[in-house]
file protein-v6.txt (compact mmCIF, C-alpha atoms and all ligand atoms)
# COMPACT_ATOMS: atom_id res chain seq x y z
CA MET S 1 -108.39 70.02 -33.55
CA LYS S 2 -109.07 73.39 -35.16
CA VAL S 3 -107.98 74.72 -38.55
CA LEU S 4 -106.93 78.34 -38.90
CA ASN S 5 -106.92 79.33 -42.57
CA ILE S 6 -105.33 82.73 -43.20
CA GLY S 7 -106.34 83.32 -46.78
CA SER S 8 -107.90 85.35 -49.55
CA LEU S 9 -111.49 86.29 -50.23
CA ASN S 10 -112.20 87.32 -53.83
CA LEU S 11 -115.23 88.40 -55.78
CA ASP S 12 -114.91 86.28 -58.94
CA TYR S 13 -116.06 87.96 -62.18
CA VAL S 14 -116.50 84.98 -64.46
CA TYR S 15 -116.76 85.35 -68.26
CA SER S 16 -117.78 82.53 -70.54
CA VAL S 17 -115.72 82.69 -73.76
CA PRO S 18 -115.15 80.49 -76.82
CA HIS S 19 -111.40 80.62 -76.16
CA ILE S 20 -109.10 82.39 -73.73
CA VAL S 21 -108.48 85.89 -75.07
CA GLY S 22 -105.04 86.39 -76.66
CA ALA S 23 -102.64 89.35 -76.56
CA GLY S 24 -104.05 92.27 -78.55
CA GLU S 25 -107.38 90.50 -79.14
CA THR S 26 -110.82 91.87 -78.24
CA LEU S 27 -113.36 89.15 -77.57
CA ALA S 28 -117.05 89.26 -76.64
CA SER S 29 -118.02 87.02 -73.74
CA ARG S 30 -121.24 85.01 -73.90
CA ASP S 31 -122.19 85.75 -70.33
CA MET S 32 -120.87 87.03 -67.05
CA ASN S 33 -121.56 85.98 -63.47
CA VAL S 34 -120.21 87.10 -60.13
CA TYR S 35 -119.46 84.31 -57.66
CA LEU S 36 -117.78 84.22 -54.27
CA GLY S 37 -114.26 82.83 -54.46
CA GLY S 38 -110.64 83.26 -53.51
CA LYS S 39 -108.37 80.29 -52.87
CA GLY S 40 -108.41 80.90 -49.13
CA ILE S 41 -112.13 81.05 -48.47
CA ASN S 42 -112.82 78.32 -51.07
CA GLN S 43 -110.60 75.99 -49.04
CA SER S 44 -112.23 77.04 -45.75
CA ILE S 45 -115.67 76.29 -47.13
CA ALA S 46 -114.51 72.94 -48.52
CA LEU S 47 -113.12 72.08 -45.07
CA ALA S 48 -116.38 73.09 -43.38
CA LYS S 49 -118.54 71.20 -45.89
CA ALA S 50 -116.33 68.16 -45.31
CA GLY S 51 -117.04 68.49 -41.57
CA ALA S 52 -113.94 70.24 -40.15
CA ASN S 53 -113.87 72.95 -37.49
CA VAL S 54 -112.44 75.89 -39.47
CA TYR S 55 -111.70 79.51 -38.64
CA HIS S 56 -111.08 81.81 -41.59
CA CYS S 57 -108.83 84.82 -41.13
CA GLY S 58 -108.62 87.47 -43.84
CA MET S 59 -109.51 90.98 -44.93
CA ILE S 60 -112.47 92.36 -46.87
CA GLY S 61 -113.63 95.81 -47.91
CA ASP S 62 -117.13 97.17 -47.31
CA ASP S 63 -118.11 95.45 -50.59
CA GLY S 64 -117.23 92.06 -49.09
CA THR S 65 -119.73 91.58 -46.26
CA VAL S 66 -121.43 88.93 -48.40
CA PHE S 67 -118.56 86.64 -47.37
CA LEU S 68 -119.68 86.88 -43.75
CA ASP S 69 -123.11 85.60 -44.79
CA ALA S 70 -121.48 82.72 -46.72
CA CYS S 71 -119.39 81.77 -43.68
CA LYS S 72 -122.52 81.68 -41.57
CA GLU S 73 -124.38 79.61 -44.14
CA PHE S 74 -121.62 77.02 -44.55
CA GLY S 75 -120.35 76.84 -40.96
CA VAL S 76 -117.02 78.66 -41.19
CA ASN S 77 -116.08 80.74 -38.14
CA SER S 78 -115.64 84.35 -39.37
CA ASP S 79 -114.50 86.01 -36.11
CA TYR S 80 -111.11 86.78 -37.69
CA ILE S 81 -112.35 88.26 -40.96
CA LYS S 82 -111.70 91.96 -40.63
CA GLN S 83 -113.06 94.85 -42.64
CA THR S 84 -110.73 97.52 -44.02
CA ASP S 85 -111.30 100.56 -46.26
CA THR S 86 -109.57 98.94 -49.25
CA LYS S 87 -111.76 97.17 -51.80
CA THR S 88 -112.26 93.42 -51.45
CA GLY S 89 -109.94 91.38 -53.66
CA HIS S 90 -111.31 90.21 -56.97
CA ALA S 91 -110.56 87.84 -59.81
CA ILE S 92 -111.28 88.10 -63.52
CA ILE S 93 -111.86 84.55 -64.75
CA GLN S 94 -112.36 83.37 -68.32
CA ILE S 95 -113.88 79.92 -68.85
CA ASP S 96 -113.51 78.50 -72.35
CA ASP S 97 -115.50 75.89 -74.26
CA ASN S 98 -113.33 73.10 -72.81
CA ALA S 99 -114.05 74.26 -69.24
CA GLN S 100 -110.46 75.45 -68.91
CA ASN S 101 -109.89 78.75 -67.15
CA CYS S 102 -107.42 81.54 -66.76
CA ILE S 103 -107.46 83.77 -63.69
CA LEU S 104 -106.23 87.31 -63.10
CA ILE S 105 -106.31 88.42 -59.48
CA TYR S 106 -106.37 91.83 -57.83
CA GLY S 107 -105.23 91.51 -54.21
CA GLY S 108 -107.07 94.52 -52.72
CA ALA S 109 -107.94 93.97 -49.06
CA ASN S 110 -106.22 90.54 -49.13
CA GLN S 111 -102.90 92.38 -49.04
CA GLN S 112 -103.77 94.45 -45.95
CA LEU S 113 -103.04 91.97 -43.13
CA THR S 114 -100.95 93.53 -40.37
CA LYS S 115 -98.40 91.72 -38.22
CA GLU S 116 -100.32 92.76 -35.07
CA PHE S 117 -103.52 91.17 -36.38
CA ILE S 118 -101.65 88.01 -37.44
CA ASP S 119 -100.03 87.74 -33.98
CA ASP S 120 -103.37 88.24 -32.20
CA VAL S 121 -105.12 85.59 -34.28
CA ILE S 122 -102.36 82.94 -34.14
CA ASP S 123 -102.24 83.44 -30.39
CA LYS S 124 -105.80 82.12 -30.13
CA PHE S 125 -104.74 78.69 -31.46
CA ASP S 126 -102.87 75.87 -29.74
CA LYS S 127 -100.08 73.43 -30.44
CA GLY S 128 -101.38 70.73 -32.74
CA ASP S 129 -103.98 72.92 -34.47
CA ILE S 130 -103.51 73.29 -38.22
CA LEU S 131 -102.56 76.48 -40.04
CA LEU S 132 -103.54 76.44 -43.71
CA LEU S 133 -102.02 79.00 -46.05
CA GLN S 134 -102.04 79.86 -49.75
CA ASN S 135 -100.16 82.66 -51.52
CA GLU S 136 -102.90 85.25 -52.05
CA VAL S 137 -102.34 87.27 -48.84
CA ASN S 138 -99.37 89.35 -47.71
CA ASP S 139 -96.72 88.39 -45.15
CA ILE S 140 -96.90 84.63 -45.63
CA ALA S 141 -93.27 84.12 -44.52
CA TYR S 142 -94.07 85.94 -41.28
CA ILE S 143 -97.25 83.89 -40.79
CA VAL S 144 -95.31 80.63 -41.23
CA ASP S 145 -92.67 81.68 -38.69
CA LYS S 146 -95.26 82.74 -36.10
CA ALA S 147 -97.38 79.62 -36.54
CA TYR S 148 -94.31 77.40 -36.28
CA GLU S 149 -93.21 79.15 -33.07
CA LYS S 150 -96.64 78.42 -31.65
CA GLY S 151 -96.40 74.72 -32.54
CA LEU S 152 -99.12 74.70 -35.20
CA THR S 153 -98.96 72.09 -37.96
CA ILE S 154 -98.54 74.04 -41.19
CA ALA S 155 -100.18 73.05 -44.48
CA LEU S 156 -99.13 75.13 -47.49
CA ASN S 157 -100.82 75.39 -50.86
CA PRO S 158 -98.13 77.42 -52.69
CA SER S 159 -100.58 78.92 -55.14
CA PRO S 160 -100.22 81.10 -57.08
CA TYR S 161 -96.48 80.53 -57.22
CA ASN S 162 -94.39 83.73 -57.21
CA GLU S 163 -91.22 85.16 -55.67
CA LYS S 164 -92.95 85.84 -52.32
CA LEU S 165 -92.69 82.12 -51.64
CA ASP S 166 -88.89 82.35 -51.76
CA ALA S 167 -88.98 84.10 -48.39
CA VAL S 168 -90.89 81.23 -46.74
CA ASP S 169 -88.89 78.77 -44.64
CA MET S 170 -90.31 75.66 -46.28
CA SER S 171 -88.64 73.39 -43.71
CA LYS S 172 -91.45 74.50 -41.35
CA ILE S 173 -94.15 73.06 -43.63
CA SER S 174 -95.65 69.68 -42.68
CA ILE S 175 -98.05 69.25 -45.61
CA PHE S 176 -97.57 70.57 -49.15
CA LEU S 177 -100.66 70.58 -51.38
CA LEU S 178 -99.80 71.66 -54.89
CA ASN S 179 -100.42 71.01 -58.57
CA GLU S 180 -97.88 69.95 -61.17
CA VAL S 181 -97.32 73.53 -62.40
CA GLU S 182 -96.46 74.75 -58.90
CA GLY S 183 -94.41 71.57 -58.37
CA GLU S 184 -92.30 72.41 -61.41
CA GLN S 185 -91.97 76.06 -60.35
CA ILE S 186 -90.70 75.02 -56.91
CA THR S 187 -88.44 72.10 -57.86
CA GLY S 188 -87.54 72.79 -61.51
CA LYS S 189 -88.67 69.22 -62.33
CA LYS S 190 -91.39 68.34 -64.84
CA GLU S 191 -92.26 64.72 -64.12
CA PRO S 192 -94.52 64.06 -61.11
CA ASP S 193 -92.15 61.40 -59.73
CA GLU S 194 -89.24 63.80 -60.01
CA ILE S 195 -91.19 66.61 -58.35
CA ILE S 196 -92.04 64.36 -55.41
CA LYS S 197 -88.51 63.00 -55.14
CA SER S 198 -87.08 66.50 -55.08
CA LEU S 199 -89.58 67.75 -52.47
CA LEU S 200 -88.92 64.75 -50.21
CA GLU S 201 -85.16 65.16 -50.57
CA HIS S 202 -85.44 68.75 -49.38
CA PHE S 203 -88.23 68.20 -46.82
CA PRO S 204 -88.01 64.54 -45.71
CA GLY S 205 -90.50 64.95 -42.87
CA ALA S 206 -93.23 66.45 -45.07
CA ARG S 207 -96.35 64.91 -46.58
CA ILE S 208 -96.86 65.81 -50.24
CA VAL S 209 -100.13 65.95 -52.15
CA LEU S 210 -99.57 66.58 -55.86
CA THR S 211 -102.64 67.06 -58.03
CA LEU S 212 -102.28 66.32 -61.74
CA GLY S 213 -105.50 67.62 -63.34
CA GLY S 214 -106.99 64.88 -65.52
CA ASP S 215 -104.26 62.45 -64.40
CA GLY S 216 -105.47 62.40 -60.81
CA ALA S 217 -103.33 62.93 -57.72
CA VAL S 218 -100.34 61.46 -55.92
CA TYR S 219 -99.72 61.35 -52.19
CA ALA S 220 -96.22 60.72 -50.86
CA ASP S 221 -94.27 60.82 -47.64
CA LYS S 222 -90.95 59.21 -46.81
CA ASP S 223 -92.57 55.77 -46.35
CA THR S 224 -95.61 55.78 -48.62
CA LYS S 225 -96.66 56.60 -52.16
CA LEU S 226 -100.25 56.37 -53.32
CA THR S 227 -101.97 57.36 -56.55
CA GLN S 228 -105.57 58.35 -57.13
CA PRO S 229 -107.21 58.54 -60.57
CA VAL S 230 -109.89 61.13 -61.36
CA PHE S 231 -113.57 60.30 -61.47
CA LYS S 232 -114.60 60.91 -65.08
CA VAL S 233 -117.28 63.59 -65.44
CA ASP S 234 -118.35 66.24 -67.93
CA ALA S 235 -116.60 69.34 -66.63
CA VAL S 236 -118.17 72.78 -67.07
CA ASP S 237 -115.87 74.86 -64.84
CA THR S 238 -112.67 73.70 -63.15
CA THR S 239 -112.39 76.76 -60.87
CA ALA S 240 -111.90 75.72 -57.22
CA ALA S 241 -111.46 72.02 -58.05
CA GLY S 242 -108.01 72.13 -56.42
CA ASP S 243 -109.37 74.10 -53.46
CA THR S 244 -112.07 71.48 -52.97
CA PHE S 245 -109.44 68.72 -53.04
CA THR S 246 -107.31 70.60 -50.47
CA GLY S 247 -110.21 71.17 -48.06
CA TYR S 248 -111.42 67.58 -48.23
CA PHE S 249 -107.90 66.19 -47.93
CA LEU S 250 -107.17 68.14 -44.74
CA ALA S 251 -110.56 67.28 -43.29
CA GLY S 252 -109.75 63.59 -43.83
CA ILE S 253 -106.34 63.98 -42.16
CA ILE S 254 -107.99 65.62 -39.14
CA GLU S 255 -110.42 62.70 -38.88
CA GLY S 256 -107.52 60.25 -39.00
CA MET S 257 -108.87 58.45 -42.06
CA PRO S 258 -106.54 56.15 -44.04
CA VAL S 259 -104.84 58.18 -46.78
CA GLU S 260 -106.24 55.93 -49.56
CA ASN S 261 -109.76 56.83 -48.43
CA ILE S 262 -108.92 60.49 -48.07
CA LEU S 263 -107.60 60.62 -51.64
CA ARG S 264 -110.70 58.93 -52.96
CA MET S 265 -113.00 61.28 -51.03
CA SER S 266 -111.06 64.36 -52.19
CA ALA S 267 -111.03 63.23 -55.83
CA LYS S 268 -114.75 62.57 -55.69
CA ALA S 269 -115.42 66.01 -54.16
CA SER S 270 -113.43 67.81 -56.84
CA SER S 271 -115.04 65.74 -59.60
CA ILE S 272 -118.40 67.09 -58.38
CA ALA S 273 -117.06 70.66 -58.16
CA VAL S 274 -116.05 70.72 -61.85
CA THR S 275 -119.58 69.85 -62.93
CA ARG S 276 -120.87 73.10 -61.38
CA LYS S 277 -120.25 76.74 -62.16
CA GLY S 278 -118.46 79.15 -59.84
CA ALA S 279 -116.00 78.65 -57.01
CA ILE S 280 -117.85 78.52 -53.69
CA PRO S 281 -121.20 77.44 -55.23
CA SER S 282 -119.48 74.42 -56.80
CA ILE S 283 -118.10 72.87 -53.59
CA PRO S 284 -120.14 69.80 -52.59
CA TYR S 285 -121.32 68.76 -49.13
CA ARG S 286 -119.89 65.60 -47.55
CA SER S 287 -123.26 63.88 -47.99
CA GLU S 288 -122.93 64.31 -51.78
CA VAL S 289 -119.41 62.89 -51.78
CA GLU S 290 -119.95 59.75 -49.73
CA TYR S 291 -122.00 57.17 -51.49
O1 LIG S 301 -108.61 78.59 -56.99
C1 LIG S 301 -109.65 79.33 -57.58
C2 LIG S 301 -109.63 80.74 -57.07
O2 LIG S 301 -108.44 81.37 -57.49
C3 LIG S 301 -110.74 81.62 -57.59
O3 LIG S 301 -111.90 81.54 -56.80
C4 LIG S 301 -110.09 83.00 -57.64
O4 LIG S 301 -110.66 83.92 -56.79
C5 LIG S 301 -108.62 82.76 -57.35
O5 LIG S 301 -108.27 83.07 -56.06
call {"tool": "encode", "arguments": {"input": "protein-v6.txt", "output": "structure tokens"}}
result
Amino acid sequence: MKVLNIGSLNLDYVYSVPHIVGAGETLASRDMNVYLGGKGINQSIALAKAGANVYHCGMIGDDGTVFLDACKEFGVNSDYIKQTDTKTGHAIIQIDDNAQNCILIYGGANQQLTKEFIDDVIDKFDKGDILLLQNEVNDIAYIVDKAYEKGLTIALNPSPYNEKLDAVDMSKISIFLLNEVEGEQITGKKEPDEIIKSLLEHFPGARIVLTLGGDGAVYADKDTKLTQPVFKVDAVDTTAAGDTFTGYFLAGIIEGMPVENILRMSAKASSIAVTRKGAIPSIPYRSEVEY
């Protein structure tokens, strides 16, 4: 089974600050690093490091060829990463003294997918393969419709949440992977149990993975509900922790592992990711996760 991930590639400009800058404030950062990131490619690399067969599809500018090297290094197929004359997407990330972050994204090349390219790529995949999608590229509603027509199993990480998601036919989604903020934005409910109940009422055939930051994660489908606590660690940077969880979770599903074990593996992988700086550089290998 193959995974096609149509998703973003961002150059992450990461600033270390005592606190997240406020409106009207000017703040000096302690240091600045550039890392490879973007929710899409982070999740592809997590999938590959977990052992899955993953194809990344997305757009970069001529300043983004470094992503092709990363795909090669980590075992992600990059045949469907296309170069355009728009700049590669980027993110401005502040990390504060508590390892919390805030992220501002510029879509750039990520917003340049064409319907023809999407059609061509989806056509290369077969019924039963997985399509993974986040909300950092254009035309996600179209991608969902095309993938569904083709019989792909669709996993959606509705992040970042915005009005573009309203156009997506969510009844076509088999697996939702989201955090409590996105859960509230989609359902209007605050409590994790309420978020899950609401999602399952609307999409009874779906599998839900709800991550809750320091409170762990919950998995639910119409028959099962499982909780997973976090592994306690000293966090330095939480960027890509959710992406790591998503990649490992899907890799476990593909392997047919019991969900309890998948949750534990995913939680362990993201607990390692938060102890390291950067997005892609923080994602652990499977050998580091299994112990
Ligand atoms: O999920 C973390 C990612 O969000 C960062 O790497 C940044 O690029 C944004 O896409």
call {"tool": "closest_atom_pairs", "arguments": {"input": "protein-v6.txt", "of": "chain S", "to": "ligand LIG 301 (chain S)", "cutoff": "7 Å", "atoms": "only C-alpha atoms and all ligand atoms", "output": "tab-separated table"}}
result
residue	atom	partner	partner_atom	distance
S:Ser8	CA	S:LIG301	O5	6.9
S:Asn10	CA	S:LIG301	O4	4.8
S:Leu11	CA	S:LIG301	O4	6.5
S:Asp12	CA	S:LIG301	O4	5.3
S:Leu36	CA	S:LIG301	O3	6.9
S:Gly37	CA	S:LIG301	O3	3.6
S:Gly38	CA	S:LIG301	O4	3.3
S:Lys39	CA	S:LIG301	O5	4.2
S:Asn42	CA	S:LIG301	O3	6.6
S:His90	CA	S:LIG301	O4	6.3
S:Ala91	CA	S:LIG301	O4	4.9
S:Ile103	CA	S:LIG301	C5	6.5
S:Ile105	CA	S:LIG301	C5	6.5
S:Thr239	CA	S:LIG301	C1	5.0
S:Ala240	CA	S:LIG301	C1	4.3
S:Gly242	CA	S:LIG301	O1	6.5
S:Asp243	CA	S:LIG301	O1	5.8
S:Ala279	CA	S:LIG301	O3	5.0
call {"tool": "write_last_selection", "arguments": {"input": "protein-v6.txt", "atoms": "C-alpha atoms", "output": "PDB file, keeping the file's coordinate frame"}}
result
ATOM      1  CA  SER S   8    -107.900  85.350 -49.550  1.00  0.00           C
ATOM      2  CA  ASN S  10    -112.200  87.320 -53.830  1.00  0.00           C
ATOM      3  CA  LEU S  11    -115.230  88.400 -55.780  1.00  0.00           C
ATOM      4  CA  ASP S  12    -114.910  86.280 -58.940  1.00  0.00           C
ATOM      5  CA  LEU S  36    -117.780  84.220 -54.270  1.00  0.00           C
ATOM      6  CA  GLY S  37    -114.260  82.830 -54.460  1.00  0.00           C
ATOM      7  CA  GLY S  38    -110.640  83.260 -53.510  1.00  0.00           C
ATOM      8  CA  LYS S  39    -108.370  80.290 -52.870  1.00  0.00           C
ATOM      9  CA  ASN S  42    -112.820  78.320 -51.070  1.00  0.00           C
ATOM     10  CA  HIS S  90    -111.310  90.210 -56.970  1.00  0.00           C
ATOM     11  CA  ALA S  91    -110.560  87.840 -59.810  1.00  0.00           C
ATOM     12  CA  ILE S 103    -107.460  83.770 -63.690  1.00  0.00           C
ATOM     13  CA  ILE S 105    -106.310  88.420 -59.480  1.00  0.00           C
ATOM     14  CA  THR S 239    -112.390  76.760 -60.870  1.00  0.00           C
ATOM     15  CA  ALA S 240    -111.900  75.720 -57.220  1.00  0.00           C
ATOM     16  CA  GLY S 242    -108.010  72.130 -56.420  1.00  0.00           C
ATOM     17  CA  ASP S 243    -109.370  74.100 -53.460  1.00  0.00           C
ATOM     18  CA  ALA S 279    -116.000  78.650 -57.010  1.00  0.00           C
TER      19      ALA S 279
END
call {"tool": "closest_atom_pairs", "arguments": {"input": "protein-v6.txt", "of": "range 131-185 of chain S", "to": "range 208-232 of chain S", "cutoff": "9 Å", "atoms": "only C-alpha atoms", "output": "Markdown table"}}
result
| residue | atom | partner | partner_atom | distance |
| --- | --- | --- | --- | --- |
| S:Ser174 | CA | S:Ile208 | CA | 8.6 |
| S:Ile175 | CA | S:Ile208 | CA | 5.9 |
| S:Phe176 | CA | S:Ile208 | CA | 4.9 |
| S:Leu177 | CA | S:Val209 | CA | 4.7 |
| S:Leu178 | CA | S:Leu210 | CA | 5.2 |
| S:Asn179 | CA | S:Thr211 | CA | 4.6 |
| S:Glu180 | CA | S:Leu212 | CA | 5.7 |
| S:Val181 | CA | S:Leu212 | CA | 8.8 |
| S:Gly183 | CA | S:Leu210 | CA | 7.6 |
call {"tool": "closest_residue", "arguments": {"input": "protein-v6.txt", "among": "S:Val121, S:Val144, S:Ile81, S:Ala273", "to": "Gly61 in chain S", "atoms": "all atoms listed in the file"}}
result
S:Ile81
call {"tool": "residues_around", "arguments": {"input": "protein-v6.txt", "residues": "Asp62 in chain S", "least_positions_apart": "6", "cutoff": "12 Å", "atoms": "all atoms listed in the file", "output": "PyMOL selection string"}}
result
chain S and resi 68+81-89+108-109
call {"tool": "closest_residue", "arguments": {"input": "protein-v6.txt", "among": "S:Gly151, S:Gly128, S:Gly75, S:Gly205", "to": "Met170 in chain S", "atoms": "all atoms listed in the file"}}
result
S:Gly205
call {"tool": "atom_distance", "arguments": {"input": "protein-v6.txt", "atom1": "CA of Lys72 in chain S", "atom2": "CA of Leu263 in chain S"}}
result
27.7 Å
call {"tool": "atom_distance", "arguments": {"input": "protein-v6.txt", "atom1": "CA of Glu136 in chain S", "atom2": "CA of Asp31 in chain S"}}
result
26.6 Å
call {"tool": "residues_around", "arguments": {"input": "protein-v6.txt", "residues": "Thr244 in chain S", "least_positions_apart": "5", "cutoff": "12 Å", "atoms": "all atoms listed in the file", "output": "compact mmCIF listing (two decimals) with C-alpha atoms, in the coordinates of the input"}}
result
# COMPACT_ATOMS: atom_id res chain seq x y z
CA GLY S 37 -114.26 82.83 -54.46
CA GLY S 38 -110.64 83.26 -53.51
CA LYS S 39 -108.37 80.29 -52.87
CA GLY S 40 -108.41 80.90 -49.13
CA ILE S 41 -112.13 81.05 -48.47
CA ASN S 42 -112.82 78.32 -51.07
CA GLN S 43 -110.60 75.99 -49.04
CA SER S 44 -112.23 77.04 -45.75
CA ILE S 45 -115.67 76.29 -47.13
CA ALA S 46 -114.51 72.94 -48.52
CA LEU S 47 -113.12 72.08 -45.07
CA ALA S 48 -116.38 73.09 -43.38
CA LYS S 49 -118.54 71.20 -45.89
CA ALA S 50 -116.33 68.16 -45.31
CA LEU S 177 -100.66 70.58 -51.38
CA THR S 211 -102.64 67.06 -58.03
CA THR S 238 -112.67 73.70 -63.15
CA THR S 239 -112.39 76.76 -60.87
CA PHE S 249 -107.90 66.19 -47.93
CA LEU S 250 -107.17 68.14 -44.74
CA ALA S 251 -110.56 67.28 -43.29
CA LEU S 263 -107.60 60.62 -51.64
CA MET S 265 -113.00 61.28 -51.03
CA SER S 266 -111.06 64.36 -52.19
CA ALA S 267 -111.03 63.23 -55.83
CA LYS S 268 -114.75 62.57 -55.69
CA ALA S 269 -115.42 66.01 -54.16
CA SER S 270 -113.43 67.81 -56.84
CA SER S 271 -115.04 65.74 -59.60
CA ILE S 272 -118.40 67.09 -58.38
CA ALA S 273 -117.06 70.66 -58.16
CA VAL S 274 -116.05 70.72 -61.85
CA ALA S 279 -116.00 78.65 -57.01
CA ILE S 280 -117.85 78.52 -53.69
CA PRO S 281 -121.20 77.44 -55.23
CA SER S 282 -119.48 74.42 -56.80
CA ILE S 283 -118.10 72.87 -53.59
CA PRO S 284 -120.14 69.80 -52.59
CA TYR S 285 -121.32 68.76 -49.13
CA ARG S 286 -119.89 65.60 -47.55
CA VAL S 289 -119.41 62.89 -51.78
call {"tool": "atom_distance", "arguments": {"input": "protein-v6.txt", "atom1": "CA of Glu149 in chain S", "atom2": "CA of Gly51 in chain S"}}
result
27.5 Å
call {"tool": "residues_near_point", "arguments": {"input": "protein-v6.txt", "point": "(-113.0, 80.1, -37.6)", "cutoff": "9 Å", "atoms": "all atoms listed in the file", "output": "MDAnalysis selection string"}}
result
chainID S and resid 2:5 44 53:57 71 75:81
call {"tool": "closest_residue", "arguments": {"input": "protein-v6.txt", "among": "S:Asn157, S:Asn33, S:Glu201, S:Thr65", "to": "Ile92 in chain S", "atoms": "all atoms listed in the file"}}
result
S:Asn33
call {"tool": "axis_aligned_box", "arguments": {"input": "protein-v6.txt", "around": "range 42-46 of chain S", "padding_each_side": "4 Å", "output": "AutoDock Vina command-line options"}}
result
--center_x -113.1 --center_y 75.6 --center_z -48.4 --size_x 13.1 --size_y 13.4 --size_z 13.3
call {"tool": "residues_around", "arguments": {"input": "protein-v6.txt", "residues": "Val17 in chain S", "least_positions_apart": "2", "cutoff": "10 Å", "atoms": "all atoms listed in the file", "output": "list in words"}}
result
Val14, Tyr15, His19, Ile20, Val21, Leu27, Ala28, Ser29, Arg30, Asp31, Met32, Ile93, Gln94, Ile95, Asp96, Asp97, Asn98, Ala99 and Asn101 of chain S
call {"tool": "residues_around", "arguments": {"input": "protein-v6.txt", "residues": "Leu152 in chain S", "least_positions_apart": "6", "cutoff": "7 Å", "atoms": "all atoms listed in the file", "output": "list in words"}}
result
Asp126, Lys127, Gly128, Asp129, Ile130 and Leu131 of chain S
call {"tool": "residues_near_point", "arguments": {"input": "protein-v6.txt", "point": "(-97.3, 89.7, -36.7)", "cutoff": "12 Å", "atoms": "only C-alpha atoms", "output": "PyMOL selection string"}}
result
chain S and resi 113-123+138-147+149
call {"tool": "write_last_selection", "arguments": {"input": "protein-v6.txt", "atoms": "C-alpha atoms", "output": "short mmCIF file (atom, residue, chain, number, x, y, z; two decimals), keeping the file's coordinate frame"}}
result
data_model
loop_
_atom_site.label_atom_id
_atom_site.label_comp_id
_atom_site.auth_asym_id
_atom_site.auth_seq_id
_atom_site.Cartn_x
_atom_site.Cartn_y
_atom_site.Cartn_z
CA LEU S 113 -103.04 91.97 -43.13
CA THR S 114 -100.95 93.53 -40.37
CA LYS S 115 -98.40 91.72 -38.22
CA GLU S 116 -100.32 92.76 -35.07
CA PHE S 117 -103.52 91.17 -36.38
CA ILE S 118 -101.65 88.01 -37.44
CA ASP S 119 -100.03 87.74 -33.98
CA ASP S 120 -103.37 88.24 -32.20
CA VAL S 121 -105.12 85.59 -34.28
CA ILE S 122 -102.36 82.94 -34.14
CA ASP S 123 -102.24 83.44 -30.39
CA ASN S 138 -99.37 89.35 -47.71
CA ASP S 139 -96.72 88.39 -45.15
CA ILE S 140 -96.90 84.63 -45.63
CA ALA S 141 -93.27 84.12 -44.52
CA TYR S 142 -94.07 85.94 -41.28
CA ILE S 143 -97.25 83.89 -40.79
CA VAL S 144 -95.31 80.63 -41.23
CA ASP S 145 -92.67 81.68 -38.69
CA LYS S 146 -95.26 82.74 -36.10
CA ALA S 147 -97.38 79.62 -36.54
CA GLU S 149 -93.21 79.15 -33.07
#
